[in-house]
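Below is the file my_file.cif, which contains mmCIF, C-alpha atoms.
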```cif
data_upload
#
loop_
_atom_site.label_atom_id
_atom_site.label_comp_id
_atom_site.auth_asym_id
_atom_site.auth_seq_id
_atom_site.Cartn_x
_atom_site.Cartn_y
_atom_site.Cartn_z
CA MET L 1 0.80 18.12 10.92
CA LYS L 2 0.71 20.92 8.36
CA PHE L 3 2.35 20.35 4.99
CA ASN L 4 2.55 22.64 1.98
CA ALA L 5 1.61 21.25 -1.42
CA PRO L 6 4.71 19.71 -3.03
CA ASN L 7 5.92 21.52 -6.15
CA ASN L 8 8.38 18.89 -7.41
CA GLU L 9 9.38 15.28 -6.79
CA GLN L 10 12.10 16.23 -4.33
CA GLU L 11 9.56 18.02 -2.15
CA LEU L 12 7.05 15.20 -2.60
CA ASP L 13 9.55 12.54 -1.54
CA GLU L 14 10.59 14.66 1.44
CA VAL L 15 6.97 14.79 2.66
CA LEU L 16 6.44 11.07 2.03
CA THR L 17 9.58 9.99 3.88
CA ARG L 18 9.70 12.53 6.73
CA PRO L 19 9.99 10.69 10.06
CA THR L 20 7.25 11.24 12.61
CA PRO L 21 7.38 10.65 16.37
CA GLU L 22 5.44 7.44 15.72
CA THR L 23 7.87 6.06 13.13
CA ILE L 24 10.85 6.92 15.34
CA GLU L 25 9.28 5.07 18.25
CA ALA L 26 8.37 2.18 15.93
CA VAL L 27 11.96 1.61 14.77
CA LYS L 28 13.18 1.84 18.38
CA CYS L 29 11.06 -1.24 19.05
CA LEU L 30 12.41 -3.27 16.13
CA GLY L 31 15.27 -4.77 18.11
CA GLY L 32 17.24 -5.53 14.93
CA ASP L 33 17.57 -5.06 11.20
CA LEU L 34 14.68 -4.53 8.78
CA LEU L 35 14.31 -6.38 5.48
CA ILE L 36 11.73 -5.20 2.91
CA LEU L 37 10.90 -7.78 0.24
CA GLY L 38 9.43 -6.50 -3.03
CA SER L 39 10.45 -2.91 -2.40
CA GLY L 40 10.90 -1.60 -5.94
CA GLY L 41 7.26 -0.79 -6.69
CA LYS L 42 5.09 2.26 -6.04
CA MET L 43 5.20 2.17 -2.22
CA GLY L 44 8.40 0.33 -1.43
CA PRO L 45 11.01 3.05 -2.03
CA SER L 46 9.24 5.65 0.11
CA LEU L 47 8.69 3.09 2.88
CA ALA L 48 12.37 2.15 2.84
CA LEU L 49 13.46 5.78 2.97
CA LEU L 50 11.01 6.53 5.80
CA ALA L 51 12.42 3.58 7.75
CA GLN L 52 16.01 4.62 7.08
CA ARG L 53 15.42 8.25 8.07
CA SER L 54 13.61 7.10 11.22
CA VAL L 55 16.49 4.78 12.16
CA ILE L 56 18.95 7.64 11.74
CA ARG L 57 16.79 10.01 13.80
CA ALA L 58 16.53 7.37 16.52
CA GLY L 59 20.32 6.96 16.56
CA LEU L 60 20.10 3.21 16.04
CA PRO L 61 22.65 0.88 14.40
CA TYR L 62 20.02 -1.12 12.49
CA THR L 63 20.41 -1.78 8.78
CA VAL L 64 17.49 -1.28 6.38
CA ARG L 65 17.70 -3.66 3.43
CA CYS L 66 15.46 -3.67 0.35
CA VAL L 67 15.08 -6.53 -2.09
CA SER L 68 13.63 -6.19 -5.58
CA ARG L 69 14.49 -6.94 -9.17
CA PHE L 70 15.03 -3.17 -9.50
CA SER L 71 14.22 -3.06 -13.20
CA ASP L 72 14.63 0.70 -12.81
CA SER L 73 18.22 1.02 -11.60
CA SER L 74 17.68 4.64 -10.58
CA VAL L 75 15.44 3.45 -7.73
CA ALA L 76 18.25 1.31 -6.29
CA SER L 77 20.70 4.19 -6.71
CA ARG L 78 18.43 6.58 -4.83
CA LEU L 79 18.01 4.09 -1.98
CA LYS L 80 21.74 3.43 -1.74
CA SER L 81 22.52 7.15 -1.66
CA ALA L 82 20.31 7.41 1.44
CA GLY L 83 22.11 4.55 3.18
CA VAL L 84 19.64 1.78 2.38
CA ASN L 85 21.17 -1.55 1.39
CA ALA L 86 19.47 -2.29 -1.96
CA ILE L 87 19.74 -5.92 -3.10
CA ALA L 88 18.79 -6.90 -6.65
CA SER L 89 17.16 -10.33 -6.67
CA ASP L 90 14.38 -12.30 -8.36
CA LEU L 91 12.83 -13.95 -5.33
CA LEU L 92 11.27 -16.78 -7.32
CA GLN L 93 14.63 -18.01 -8.56
CA PRO L 94 16.13 -21.10 -6.87
CA HIS L 95 18.27 -20.24 -3.83
CA ALA L 96 17.34 -16.52 -3.99
CA LEU L 97 15.78 -16.49 -0.53
CA ALA L 98 18.54 -18.64 0.97
CA GLU L 99 21.13 -16.12 -0.20
CA LEU L 100 19.45 -13.20 1.55
CA PRO L 101 20.60 -12.16 5.03
CA ASP L 102 18.62 -12.99 8.14
CA ALA L 103 16.58 -10.17 9.65
CA ALA L 104 14.71 -9.70 12.89
CA ASN L 105 11.93 -7.87 11.03
CA VAL L 106 10.56 -8.50 7.55
CA ILE L 107 8.05 -6.53 5.50
CA PHE L 108 6.56 -8.51 2.62
CA MET L 109 5.15 -6.35 -0.15
CA ALA L 110 5.95 -8.36 -3.26
CA GLY L 111 2.89 -8.92 -5.39
CA MET L 112 1.30 -8.87 -8.81
CA LYS L 113 -2.02 -7.18 -9.60
CA PHE L 114 -2.13 -5.39 -12.93
CA GLY L 115 -1.79 -7.69 -15.90
CA THR L 116 -3.00 -10.68 -13.91
CA THR L 117 -5.69 -11.45 -16.46
CA GLY L 118 -3.86 -13.57 -19.00
CA ALA L 119 -0.95 -14.20 -16.64
CA GLU L 120 -2.74 -16.18 -13.98
CA THR L 121 0.02 -18.73 -13.37
CA GLN L 122 2.61 -16.04 -12.70
CA THR L 123 0.15 -14.25 -10.42
CA TRP L 124 -0.34 -17.37 -8.30
CA ALA L 125 3.41 -17.97 -8.16
CA ILE L 126 4.17 -14.43 -6.95
CA ASN L 127 1.15 -13.95 -4.71
CA VAL L 128 0.85 -17.44 -3.18
CA LEU L 129 3.91 -19.64 -3.79
CA LEU L 130 6.42 -16.95 -2.82
CA PRO L 131 4.65 -16.07 0.45
CA GLY L 132 4.82 -19.73 1.46
CA LEU L 133 8.55 -19.78 0.77
CA VAL L 134 9.13 -16.52 2.63
CA ALA L 135 7.10 -17.69 5.64
CA ARG L 136 9.40 -20.70 5.93
CA ARG L 137 12.66 -18.81 5.25
CA TYR L 138 11.90 -16.11 7.83
CA ALA L 139 10.10 -18.27 10.36
CA SER L 140 12.15 -16.80 13.22
CA SER L 141 11.45 -13.16 12.26
CA ARG L 142 8.54 -10.83 12.87
CA ILE L 143 6.67 -10.28 9.62
CA VAL L 144 4.34 -7.53 8.40
CA VAL L 145 2.48 -8.50 5.22
CA LEU L 146 0.88 -6.12 2.74
CA SER L 147 -2.42 -7.58 1.55
CA SER L 148 -5.44 -5.96 -0.09
CA GLY L 149 -8.99 -4.96 0.69
CA ASN L 150 -9.87 -6.87 -2.49
CA VAL L 151 -10.21 -10.00 -0.34
CA TYR L 152 -13.56 -8.65 0.88
CA PRO L 153 -16.88 -8.88 -0.93
CA LEU L 154 -18.61 -5.78 -2.23
CA VAL L 155 -20.63 -4.36 0.66
CA PRO L 156 -23.51 -1.85 0.94
CA VAL L 157 -22.21 1.70 0.82
CA THR L 158 -24.22 2.42 3.98
CA SER L 159 -22.51 -0.40 5.91
CA GLY L 160 -19.42 1.53 6.96
CA GLY L 161 -17.26 -0.94 5.05
CA ALA L 162 -16.07 -4.47 5.70
CA ASP L 163 -14.22 -4.82 8.99
CA GLU L 164 -11.72 -7.47 10.03
CA ARG L 165 -14.52 -9.85 11.08
CA THR L 166 -16.13 -9.79 7.64
CA PRO L 167 -15.63 -13.18 5.93
CA VAL L 168 -13.46 -12.99 2.84
CA ALA L 169 -15.25 -13.46 -0.48
CA PRO L 170 -12.75 -12.56 -3.20
CA VAL L 171 -14.10 -11.44 -6.57
CA GLY L 172 -11.84 -12.52 -9.41
CA GLU L 173 -8.61 -14.45 -9.60
CA TYR L 174 -6.36 -11.63 -8.39
CA ALA L 175 -8.36 -11.31 -5.18
CA GLN L 176 -8.26 -15.10 -4.77
CA THR L 177 -4.47 -14.99 -4.82
CA CYS L 178 -4.55 -12.24 -2.19
CA VAL L 179 -6.43 -14.63 0.08
CA GLY L 180 -3.84 -17.25 -0.82
CA ARG L 181 -1.04 -14.90 0.26
CA GLU L 182 -2.73 -14.38 3.60
CA ARG L 183 -3.31 -18.09 4.10
CA MET L 184 0.36 -18.89 3.51
CA PHE L 185 1.48 -16.41 6.16
CA GLN L 186 -1.27 -17.51 8.52
CA HIS L 187 -0.09 -21.09 8.10
CA GLY L 188 3.52 -20.06 8.71
CA SER L 189 2.52 -18.13 11.82
CA LEU L 190 0.84 -21.21 13.28
CA GLU L 191 3.39 -23.74 12.03
CA TYR L 192 6.50 -21.86 13.15
CA GLN L 193 5.04 -19.60 15.86
CA THR L 194 6.03 -16.57 13.78
CA PRO L 195 4.54 -13.23 14.89
CA VAL L 196 2.70 -11.83 11.85
CA THR L 197 0.54 -8.81 11.02
CA ILE L 198 -1.46 -8.79 7.79
CA LEU L 199 -2.48 -5.34 6.55
CA ARG L 200 -5.40 -5.16 4.13
CA LEU L 201 -4.71 -1.92 2.26
CA ASN L 202 -6.91 0.13 -0.08
CA TYR L 203 -6.12 2.53 -1.68
CA ALA L 204 -2.76 4.27 -1.07
CA ASN L 205 -2.33 7.59 -2.87
CA ASP L 206 0.83 9.36 -3.96
CA LEU L 207 0.56 12.41 -6.23
CA ARG L 208 2.00 10.29 -9.04
CA TYR L 209 -0.58 7.51 -8.83
CA GLY L 210 -3.72 6.43 -7.01
CA VAL L 211 -7.49 6.65 -7.20
CA LEU L 212 -7.43 10.41 -6.71
CA CYS L 213 -4.94 10.80 -9.55
CA ASP L 214 -7.12 8.62 -11.77
CA ILE L 215 -10.23 10.72 -11.12
CA ALA L 216 -8.38 14.05 -11.28
CA ASN L 217 -6.75 13.24 -14.61
CA GLN L 218 -10.09 12.21 -16.09
CA VAL L 219 -11.66 15.48 -15.00
CA TYR L 220 -8.69 17.54 -16.22
CA THR L 221 -8.72 15.91 -19.66
CA ASP L 222 -12.52 15.86 -20.01
CA GLN L 223 -12.70 12.06 -19.96
CA PRO L 224 -15.86 10.33 -18.69
CA ILE L 225 -15.72 8.98 -15.16
CA ASP L 226 -17.25 5.55 -14.63
CA LEU L 227 -19.55 5.55 -11.59
CA SER L 228 -19.95 1.75 -11.45
CA MET L 229 -17.84 1.70 -8.28
CA GLY L 230 -19.45 4.76 -6.81
CA ASN L 231 -17.59 4.92 -3.49
CA VAL L 232 -13.98 4.33 -2.42
CA ASN L 233 -11.57 4.46 0.50
CA VAL L 234 -8.23 6.27 0.14
CA ILE L 235 -5.22 7.03 2.33
CA TRP L 236 -2.09 9.11 1.86
CA GLN L 237 0.86 6.83 1.09
CA GLY L 238 2.97 8.45 3.80
CA ASP L 239 0.31 7.62 6.40
CA ALA L 240 0.06 4.05 5.12
CA ASN L 241 3.84 3.66 5.40
CA ARG L 242 3.76 4.99 8.95
CA VAL L 243 1.25 2.32 9.96
CA ILE L 244 3.28 -0.40 8.22
CA LEU L 245 6.25 0.37 10.47
CA GLN L 246 4.06 0.55 13.56
CA ALA L 247 2.36 -2.75 12.72
CA PHE L 248 5.28 -4.81 14.07
CA SER L 249 4.05 -3.84 17.52
CA ILE L 250 0.91 -5.95 17.13
CA SER L 251 2.44 -8.94 15.31
CA ALA L 252 1.29 -12.14 16.96
CA THR L 253 0.48 -15.80 16.59
CA PRO L 254 -2.06 -16.46 15.14
CA ALA L 255 -1.48 -13.71 12.59
CA GLN L 256 -3.23 -10.42 13.29
CA ILE L 257 -5.34 -8.85 10.52
CA LEU L 258 -5.84 -5.11 10.25
CA ASN L 259 -7.57 -2.94 7.65
CA LEU L 260 -5.47 -0.01 6.48
CA THR L 261 -7.21 2.90 4.77
CA GLY L 262 -8.67 6.33 5.42
CA PRO L 263 -11.72 7.02 7.58
CA GLU L 264 -14.06 8.28 4.85
CA THR L 265 -16.38 6.51 2.48
CA ALA L 266 -15.68 8.90 -0.40
CA SER L 267 -18.19 9.33 -3.21
CA VAL L 268 -16.53 9.12 -6.64
CA ARG L 269 -19.03 11.67 -7.94
CA TRP L 270 -18.20 14.05 -5.08
CA LEU L 271 -14.45 13.61 -5.63
CA ALA L 272 -14.84 14.41 -9.32
CA GLU L 273 -16.89 17.47 -8.49
CA GLN L 274 -14.18 18.71 -6.12
CA PHE L 275 -11.57 18.35 -8.86
CA GLY L 276 -13.95 20.04 -11.29
CA ARG L 277 -14.19 23.02 -8.96
CA LEU L 278 -10.41 23.25 -8.64
CA PHE L 279 -9.84 22.85 -12.38
CA GLY L 280 -12.75 25.02 -13.49
CA ARG L 281 -14.17 22.09 -15.45
CA GLN L 282 -17.46 20.21 -15.45
CA PRO L 283 -16.90 16.47 -14.83
CA ILE L 284 -18.37 14.02 -17.33
CA PHE L 285 -19.97 10.92 -15.85
CA THR L 286 -20.95 7.57 -17.27
CA GLY L 287 -22.94 4.79 -15.66
CA GLU L 288 -24.71 4.90 -12.32
CA GLU L 289 -23.65 4.30 -8.75
CA SER L 290 -24.35 0.85 -7.36
CA ASN L 291 -25.48 0.38 -3.78
CA LEU L 292 -22.49 -1.96 -3.38
CA ALA L 293 -18.79 -1.09 -3.36
CA LEU L 294 -15.37 -2.37 -2.29
CA LEU L 295 -15.06 -0.63 1.07
CA SER L 296 -13.06 -1.31 4.22
CA ASN L 297 -13.64 -0.13 7.77
CA ALA L 298 -10.32 0.90 9.36
CA ALA L 299 -11.69 1.98 12.75
CA GLU L 300 -9.48 -0.51 14.57
CA CYS L 301 -6.38 0.76 12.78
CA HIS L 302 -7.25 4.33 13.74
CA ARG L 303 -7.83 3.27 17.34
CA LEU L 304 -4.41 1.66 17.50
CA PHE L 305 -2.33 4.11 15.47
CA GLY L 306 -4.33 7.31 15.11
CA TYR L 307 -5.99 9.02 12.18
CA PRO L 308 -4.10 9.88 8.99
CA ARG L 309 -2.06 13.08 9.23
CA VAL L 310 -2.85 14.08 5.65
CA THR L 311 -6.57 14.60 5.21
CA LEU L 312 -8.74 13.77 2.22
CA SER L 313 -9.17 17.48 1.49
CA GLN L 314 -5.39 17.97 1.49
CA MET L 315 -4.93 15.04 -0.87
CA ILE L 316 -7.52 16.48 -3.26
CA GLU L 317 -5.91 19.93 -3.23
CA TRP L 318 -2.38 18.55 -3.61
CA THR L 319 -3.40 16.25 -6.46
CA ALA L 320 -5.08 19.07 -8.35
CA HIS L 321 -2.04 21.32 -7.82
CA TRP L 322 0.30 18.55 -8.98
CA ILE L 323 -1.62 18.02 -12.20
CA LYS L 324 -1.85 21.76 -12.87
CA ILE L 325 1.94 22.17 -12.63
CA GLY L 326 2.57 19.11 -14.83
CA GLY L 327 3.98 16.88 -12.10
CA ARG L 328 5.27 13.49 -13.25
CA GLN L 329 2.73 10.68 -13.35
CA LEU L 330 3.47 6.95 -13.17
CA ALA L 331 0.71 6.19 -15.70
CA LYS L 332 -0.40 3.19 -13.62
CA PRO L 333 -4.18 3.46 -13.26
CA THR L 334 -5.68 1.62 -10.31
CA HIS L 335 -8.74 0.31 -12.21
CA PHE L 336 -10.65 0.91 -8.99
CA GLU L 337 -13.89 1.05 -10.98
CA ARG L 338 -13.75 -2.67 -11.87
CA GLN L 339 -16.40 -4.73 -10.13
CA ASP L 340 -15.52 -8.05 -11.78
CA GLY L 341 -12.05 -8.34 -10.22
CA ARG L 342 -10.30 -8.54 -13.61
CA PHE L 343 -7.07 -6.56 -13.62
#
```

Translate the structure described by the file into structure tokens.
Amino acid sequence: MKFNAPNNEQELDEVLTRPTPETIEAVKCLGGDLLILGSGGKMGPSLALLAQRSVIRAGLPYTVRCVSRFSDSSVASRLKSAGVNAIASDLLQPHALAELPDAANVIFMAGMKFGTTGAETQTWAINVLLPGLVARRYASSRIVVLSSGNVYPLVPVTSGGADERTPVAPVGEYAQTCVGRERMFQHGSLEYQTPVTILRLNYANDLRYGVLCDIANQVYTDQPIDLSMGNVNVIWQGDANRVILQAFSISATPAQILNLTGPETASVRWLAEQFGRLFGRQPIFTGEESNLALLSNAAECHRLFGYPRVTLSQMIEWTAHWIKIGGRQLAKPTHFERQDGRF
């Protein structure tokens, strides 16, 4: 599918939330309402809008509901204006889950990553305790869980990345809680016979945030680029959202695990050089590439649901264009270069 580079946030959100034949077919198979828990972050709003637009295109009566604290009230307003039922709730509060409506399909994307160092107890509560509570509350639903490729060990860059059979070996306390999240939903799937899919994602990219934005901004502002994590995986956020909706089709007991990322092992040095070419700047590097990196192999995902529609080259060109025109940034760096798991 051919897209033009977005020139403003309205155009960007239109591209991110445009239904595809796959998302329309996916919502036709839902068989009921969709509830998205933890939907106020970077990915949640665009996922909710994609689901809502797909439901409308499919001519279905299903309701899309989003639950978040919605600290930014404008996010809730934008969702409501599109027909999404936005519910403000702190899911860790007593009775919060009990007060939510039932739903045939649940997407769990609540989580804490950045700021976990120094706030370890809160991280475990959000990433492990809450999943256990949700698994029990929605035992009769189908559940798709957003996890992270951080559960894997660093692997040789020539390995093709960790696949779903690679044993988890989390580095750092954040990654440990990601394993904890998975274990809670795996337990719930077995205990209650709940169909579950766990998606290990890394790294989703919007033009306002992501690994590509991090590298591009460093090149554009003549900041040194750390090569310690010399290779990465990336995927367009719209493509990641498409797979999330399709993932209900493979939910099962025991829980199914699927890597979700792009097909390339992308060199950080090469990415910086591409941005340098587009910006007319010479990238500045620091450190040296290791022969190990946090990499995932998403071949199974691509077999099931196809390759991303937005290519790596498109993402690079769009990101450079966005920065050149002064597009809004979320100022939320991914810290992808960390090898010690401290976020």

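Counting only C-alpha atoms, the residue from L:Leu294, L:Leu154, L:Ala48, L:Ala76 that sits nearest to Val234 in chain L is L:Leu294.
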
Taking the file above as input, evaluate the PyMOL selection byres ((chain L and resi 261) around 10) and report the hits as a PDB file with C-alpha atoms, keeping the file's coordinate frame.
```pdb
ATOM      1  CA  GLY L 149      -8.990  -4.960   0.690  1.00  0.00           C
ATOM      2  CA  LEU L 199      -2.480  -5.340   6.550  1.00  0.00           C
ATOM      3  CA  ARG L 200      -5.400  -5.160   4.130  1.00  0.00           C
ATOM      4  CA  LEU L 201      -4.710  -1.920   2.260  1.00  0.00           C
ATOM      5  CA  ASN L 202      -6.910   0.130  -0.080  1.00  0.00           C
ATOM      6  CA  TYR L 203      -6.120   2.530  -1.680  1.00  0.00           C
ATOM      7  CA  ALA L 204      -2.760   4.270  -1.070  1.00  0.00           C
ATOM      8  CA  VAL L 232     -13.980   4.330  -2.420  1.00  0.00           C
ATOM      9  CA  ASN L 233     -11.570   4.460   0.500  1.00  0.00           C
ATOM     10  CA  VAL L 234      -8.230   6.270   0.140  1.00  0.00           C
ATOM     11  CA  ILE L 235      -5.220   7.030   2.330  1.00  0.00           C
ATOM     12  CA  TRP L 236      -2.090   9.110   1.860  1.00  0.00           C
ATOM     13  CA  GLN L 237       0.860   6.830   1.090  1.00  0.00           C
ATOM     14  CA  ASP L 239       0.310   7.620   6.400  1.00  0.00           C
ATOM     15  CA  ALA L 240       0.060   4.050   5.120  1.00  0.00           C
ATOM     16  CA  VAL L 243       1.250   2.320   9.960  1.00  0.00           C
ATOM     17  CA  LEU L 258      -5.840  -5.110  10.250  1.00  0.00           C
ATOM     18  CA  ASN L 259      -7.570  -2.940   7.650  1.00  0.00           C
ATOM     19  CA  LEU L 260      -5.470  -0.010   6.480  1.00  0.00           C
ATOM     20  CA  GLY L 262      -8.670   6.330   5.420  1.00  0.00           C
ATOM     21  CA  PRO L 263     -11.720   7.020   7.580  1.00  0.00           C
ATOM     22  CA  GLU L 264     -14.060   8.280   4.850  1.00  0.00           C
ATOM     23  CA  LEU L 295     -15.060  -0.630   1.070  1.00  0.00           C
ATOM     24  CA  SER L 296     -13.060  -1.310   4.220  1.00  0.00           C
ATOM     25  CA  ASN L 297     -13.640  -0.130   7.770  1.00  0.00           C
ATOM     26  CA  ALA L 298     -10.320   0.900   9.360  1.00  0.00           C
ATOM     27  CA  ALA L 299     -11.690   1.980  12.750  1.00  0.00           C
ATOM     28  CA  CYS L 301      -6.380   0.760  12.780  1.00  0.00           C
ATOM     29  CA  HIS L 302      -7.250   4.330  13.740  1.00  0.00           C
ATOM     30  CA  TYR L 307      -5.990   9.020  12.180  1.00  0.00           C
ATOM     31  CA  PRO L 308      -4.100   9.880   8.990  1.00  0.00           C
TER      32      PRO L 308
END
```

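Considering all atoms listed in the file, the residue among L:Ser73, L:Ser249, L:Thr197, L:Thr158 positioned nearest to Ala293 in chain L is L:Thr158.
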
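Across the structure, CA of Phe108 in chain L and CA of Arg328 in chain L are spaced 27.2 Å apart.
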
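The closest residue to Asn105 in chain L, picked from L:Gly83, L:Pro153, L:Pro195, L:Pro167 and counting only C-alpha atoms, is L:Pro195.
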
Determine, counting only C-alpha atoms, which protein, DNA and RNA residues have an atom within 10 Å of an atom of Ala320 in chain L; residues of the same chain fewer than 6 positions away are not included. Present the result as a compact mmCIF listing (two decimals) with C-alpha atoms, in the frame of the given file.
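Full text of around-v3.txt as output:
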```
# COMPACT_ATOMS: atom_id res chain seq x y z
CA ALA L 5 1.61 21.25 -1.42
CA LEU L 207 0.56 12.41 -6.23
CA LEU L 212 -7.43 10.41 -6.71
CA CYS L 213 -4.94 10.80 -9.55
CA ALA L 216 -8.38 14.05 -11.28
CA ASN L 217 -6.75 13.24 -14.61
CA TYR L 220 -8.69 17.54 -16.22
CA GLN L 274 -14.18 18.71 -6.12
CA PHE L 275 -11.57 18.35 -8.86
CA GLY L 276 -13.95 20.04 -11.29
CA ARG L 277 -14.19 23.02 -8.96
CA LEU L 278 -10.41 23.25 -8.64
CA PHE L 279 -9.84 22.85 -12.38
CA GLN L 314 -5.39 17.97 1.49
```

Proximity check range 204-288 of chain L to range 23-36 of chain L, 9 Å, nearest pairs one decimal Å, only C-alpha atoms, as JSON lines:
```
{"residue": "L:Arg242", "atom": "CA", "partner": "L:Thr23", "partner_atom": "CA", "distance": 6.0}
{"residue": "L:Val243", "atom": "CA", "partner": "L:Thr23", "partner_atom": "CA", "distance": 8.2}
{"residue": "L:Leu245", "atom": "CA", "partner": "L:Ala26", "partner_atom": "CA", "distance": 6.1}
{"residue": "L:Gln246", "atom": "CA", "partner": "L:Ala26", "partner_atom": "CA", "distance": 5.2}
{"residue": "L:Ala247", "atom": "CA", "partner": "L:Ala26", "partner_atom": "CA", "distance": 8.4}
{"residue": "L:Phe248", "atom": "CA", "partner": "L:Leu30", "partner_atom": "CA", "distance": 7.6}
{"residue": "L:Ser249", "atom": "CA", "partner": "L:Ala26", "partner_atom": "CA", "distance": 7.6}
```

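Counting from CA of Ala103 in chain L, the distance to CA of Trp124 in chain L is 25.7 Å.
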
Please write as a JSON list (two decimals) with C-alpha atoms, in the coordinates of the input the full residue list that the PyMOL selection byres ((chain L and resi 16) around 9) yields on this file.
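Just written: result13.json:
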```json
[["chain", "number", "residue", "atom", "x", "y", "z"],
["L", 11, "GLU", "CA", 9.56, 18.02, -2.15],
["L", 12, "LEU", "CA", 7.05, 15.20, -2.60],
["L", 13, "ASP", "CA", 9.55, 12.54, -1.54],
["L", 14, "GLU", "CA", 10.59, 14.66, 1.44],
["L", 15, "VAL", "CA", 6.97, 14.79, 2.66],
["L", 17, "THR", "CA", 9.58, 9.99, 3.88],
["L", 18, "ARG", "CA", 9.70, 12.53, 6.73],
["L", 19, "PRO", "CA", 9.99, 10.69, 10.06],
["L", 46, "SER", "CA", 9.24, 5.65, 0.11],
["L", 47, "LEU", "CA", 8.69, 3.09, 2.88],
["L", 49, "LEU", "CA", 13.46, 5.78, 2.97],
["L", 50, "LEU", "CA", 11.01, 6.53, 5.80],
["L", 206, "ASP", "CA", 0.83, 9.36, -3.96],
["L", 236, "TRP", "CA", -2.09, 9.11, 1.86],
["L", 237, "GLN", "CA", 0.86, 6.83, 1.09],
["L", 238, "GLY", "CA", 2.97, 8.45, 3.80],
["L", 239, "ASP", "CA", 0.31, 7.62, 6.40],
["L", 241, "ASN", "CA", 3.84, 3.66, 5.40]]
```

Report task. Would you list the residues near (8.6, -15.5, 4.6) (no more than 12 Å away, in the coordinates of the file, using all atoms listed in the file) as an MDAnalysis selection string? Result -> chainID L and resid 35:38 91 97:98 100 102:110 128:145 181:182 184:189 192 194:196

Query raised in the report: Which value, in Å to one decimal, gives the distance between CA of Gly118 in chain L and CA of Glu173 in chain L?
Result: 10.6 Å

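Of the residues listed (L:Tyr62, L:Phe70, L:Trp318, L:Tyr152), L:Tyr152 shows the shortest atom-to-atom separation from Leu292 in chain L; distances use only C-alpha atoms.
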
Query raised in the report: In file coordinates, which residues lie within 12 Å of (13.1, -9.0, -10.2) using only C-alpha atoms, given as a list in words?
Result: Leu37, Gly38, Ser39, Gly40, Gly41, Val67, Ser68, Arg69, Phe70, Ser71, Asp72, Ser73, Ile87, Ala88, Ser89, Asp90, Leu91, Leu92, Gln93, Ala96, Ala110, Gly111, Met112 and Ile126 of chain L

Requested in this report: Would you please work out which residue, of L:Gln256, L:Asn150, L:Asn85, L:Gln223, is nearest to Glu164 in chain L when using only C-alpha atoms?
Outcome: L:Gln256

Since the input lacks some atoms of range 169-182 of chain L, please model N, CA and C atoms and print them as a PDB file, keeping the file's coordinate frame.
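In the end it all went to selection-v5.pdb:
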```pdb
ATOM      1  N   ALA L 169     -14.475 -12.961   0.659  1.00  0.00           N
ATOM      2  CA  ALA L 169     -15.250 -13.460  -0.480  1.00  0.00           C
ATOM      3  C   ALA L 169     -14.671 -12.803  -1.727  1.00  0.00           C
ATOM      4  N   PRO L 170     -13.479 -13.243  -2.126  1.00  0.00           N
ATOM      5  CA  PRO L 170     -12.750 -12.560  -3.200  1.00  0.00           C
ATOM      6  C   PRO L 170     -13.469 -12.646  -4.539  1.00  0.00           C
ATOM      7  N   VAL L 171     -13.504 -11.515  -5.236  1.00  0.00           N
ATOM      8  CA  VAL L 171     -14.100 -11.440  -6.570  1.00  0.00           C
ATOM      9  C   VAL L 171     -12.981 -11.416  -7.591  1.00  0.00           C
ATOM     10  N   GLY L 172     -12.877 -12.466  -8.393  1.00  0.00           N
ATOM     11  CA  GLY L 172     -11.840 -12.520  -9.410  1.00  0.00           C
ATOM     12  C   GLY L 172     -10.590 -13.230  -8.942  1.00  0.00           C
ATOM     13  N   GLU L 173      -9.771 -13.615  -9.915  1.00  0.00           N
ATOM     14  CA  GLU L 173      -8.610 -14.450  -9.600  1.00  0.00           C
ATOM     15  C   GLU L 173      -7.519 -13.691  -8.853  1.00  0.00           C
ATOM     16  N   TYR L 174      -7.348 -12.395  -9.149  1.00  0.00           N
ATOM     17  CA  TYR L 174      -6.360 -11.630  -8.390  1.00  0.00           C
ATOM     18  C   TYR L 174      -6.705 -11.643  -6.903  1.00  0.00           C
ATOM     19  N   ALA L 175      -7.956 -11.348  -6.573  1.00  0.00           N
ATOM     20  CA  ALA L 175      -8.360 -11.310  -5.180  1.00  0.00           C
ATOM     21  C   ALA L 175      -8.223 -12.691  -4.526  1.00  0.00           C
ATOM     22  N   GLN L 176      -8.452 -13.749  -5.302  1.00  0.00           N
ATOM     23  CA  GLN L 176      -8.260 -15.100  -4.770  1.00  0.00           C
ATOM     24  C   GLN L 176      -6.812 -15.318  -4.359  1.00  0.00           C
ATOM     25  N   THR L 177      -5.889 -14.816  -5.178  1.00  0.00           N
ATOM     26  CA  THR L 177      -4.470 -14.990  -4.820  1.00  0.00           C
ATOM     27  C   THR L 177      -4.099 -14.150  -3.611  1.00  0.00           C
ATOM     28  N   CYS L 178      -4.803 -13.028  -3.397  1.00  0.00           N
ATOM     29  CA  CYS L 178      -4.550 -12.240  -2.190  1.00  0.00           C
ATOM     30  C   CYS L 178      -4.944 -13.023  -0.943  1.00  0.00           C
ATOM     31  N   VAL L 179      -6.059 -13.753  -1.026  1.00  0.00           N
ATOM     32  CA  VAL L 179      -6.430 -14.630   0.080  1.00  0.00           C
ATOM     33  C   VAL L 179      -5.369 -15.718   0.243  1.00  0.00           C
ATOM     34  N   GLY L 180      -4.882 -16.240  -0.883  1.00  0.00           N
ATOM     35  CA  GLY L 180      -3.840 -17.250  -0.820  1.00  0.00           C
ATOM     36  C   GLY L 180      -2.588 -16.740  -0.121  1.00  0.00           C
ATOM     37  N   ARG L 181      -2.201 -15.505  -0.417  1.00  0.00           N
ATOM     38  CA  ARG L 181      -1.040 -14.900   0.260  1.00  0.00           C
ATOM     39  C   ARG L 181      -1.254 -14.881   1.765  1.00  0.00           C
ATOM     40  N   GLU L 182      -2.437 -14.431   2.172  1.00  0.00           N
ATOM     41  CA  GLU L 182      -2.730 -14.380   3.600  1.00  0.00           C
ATOM     42  C   GLU L 182      -2.682 -15.761   4.234  1.00  0.00           C
TER      43      GLU L 182
END
```
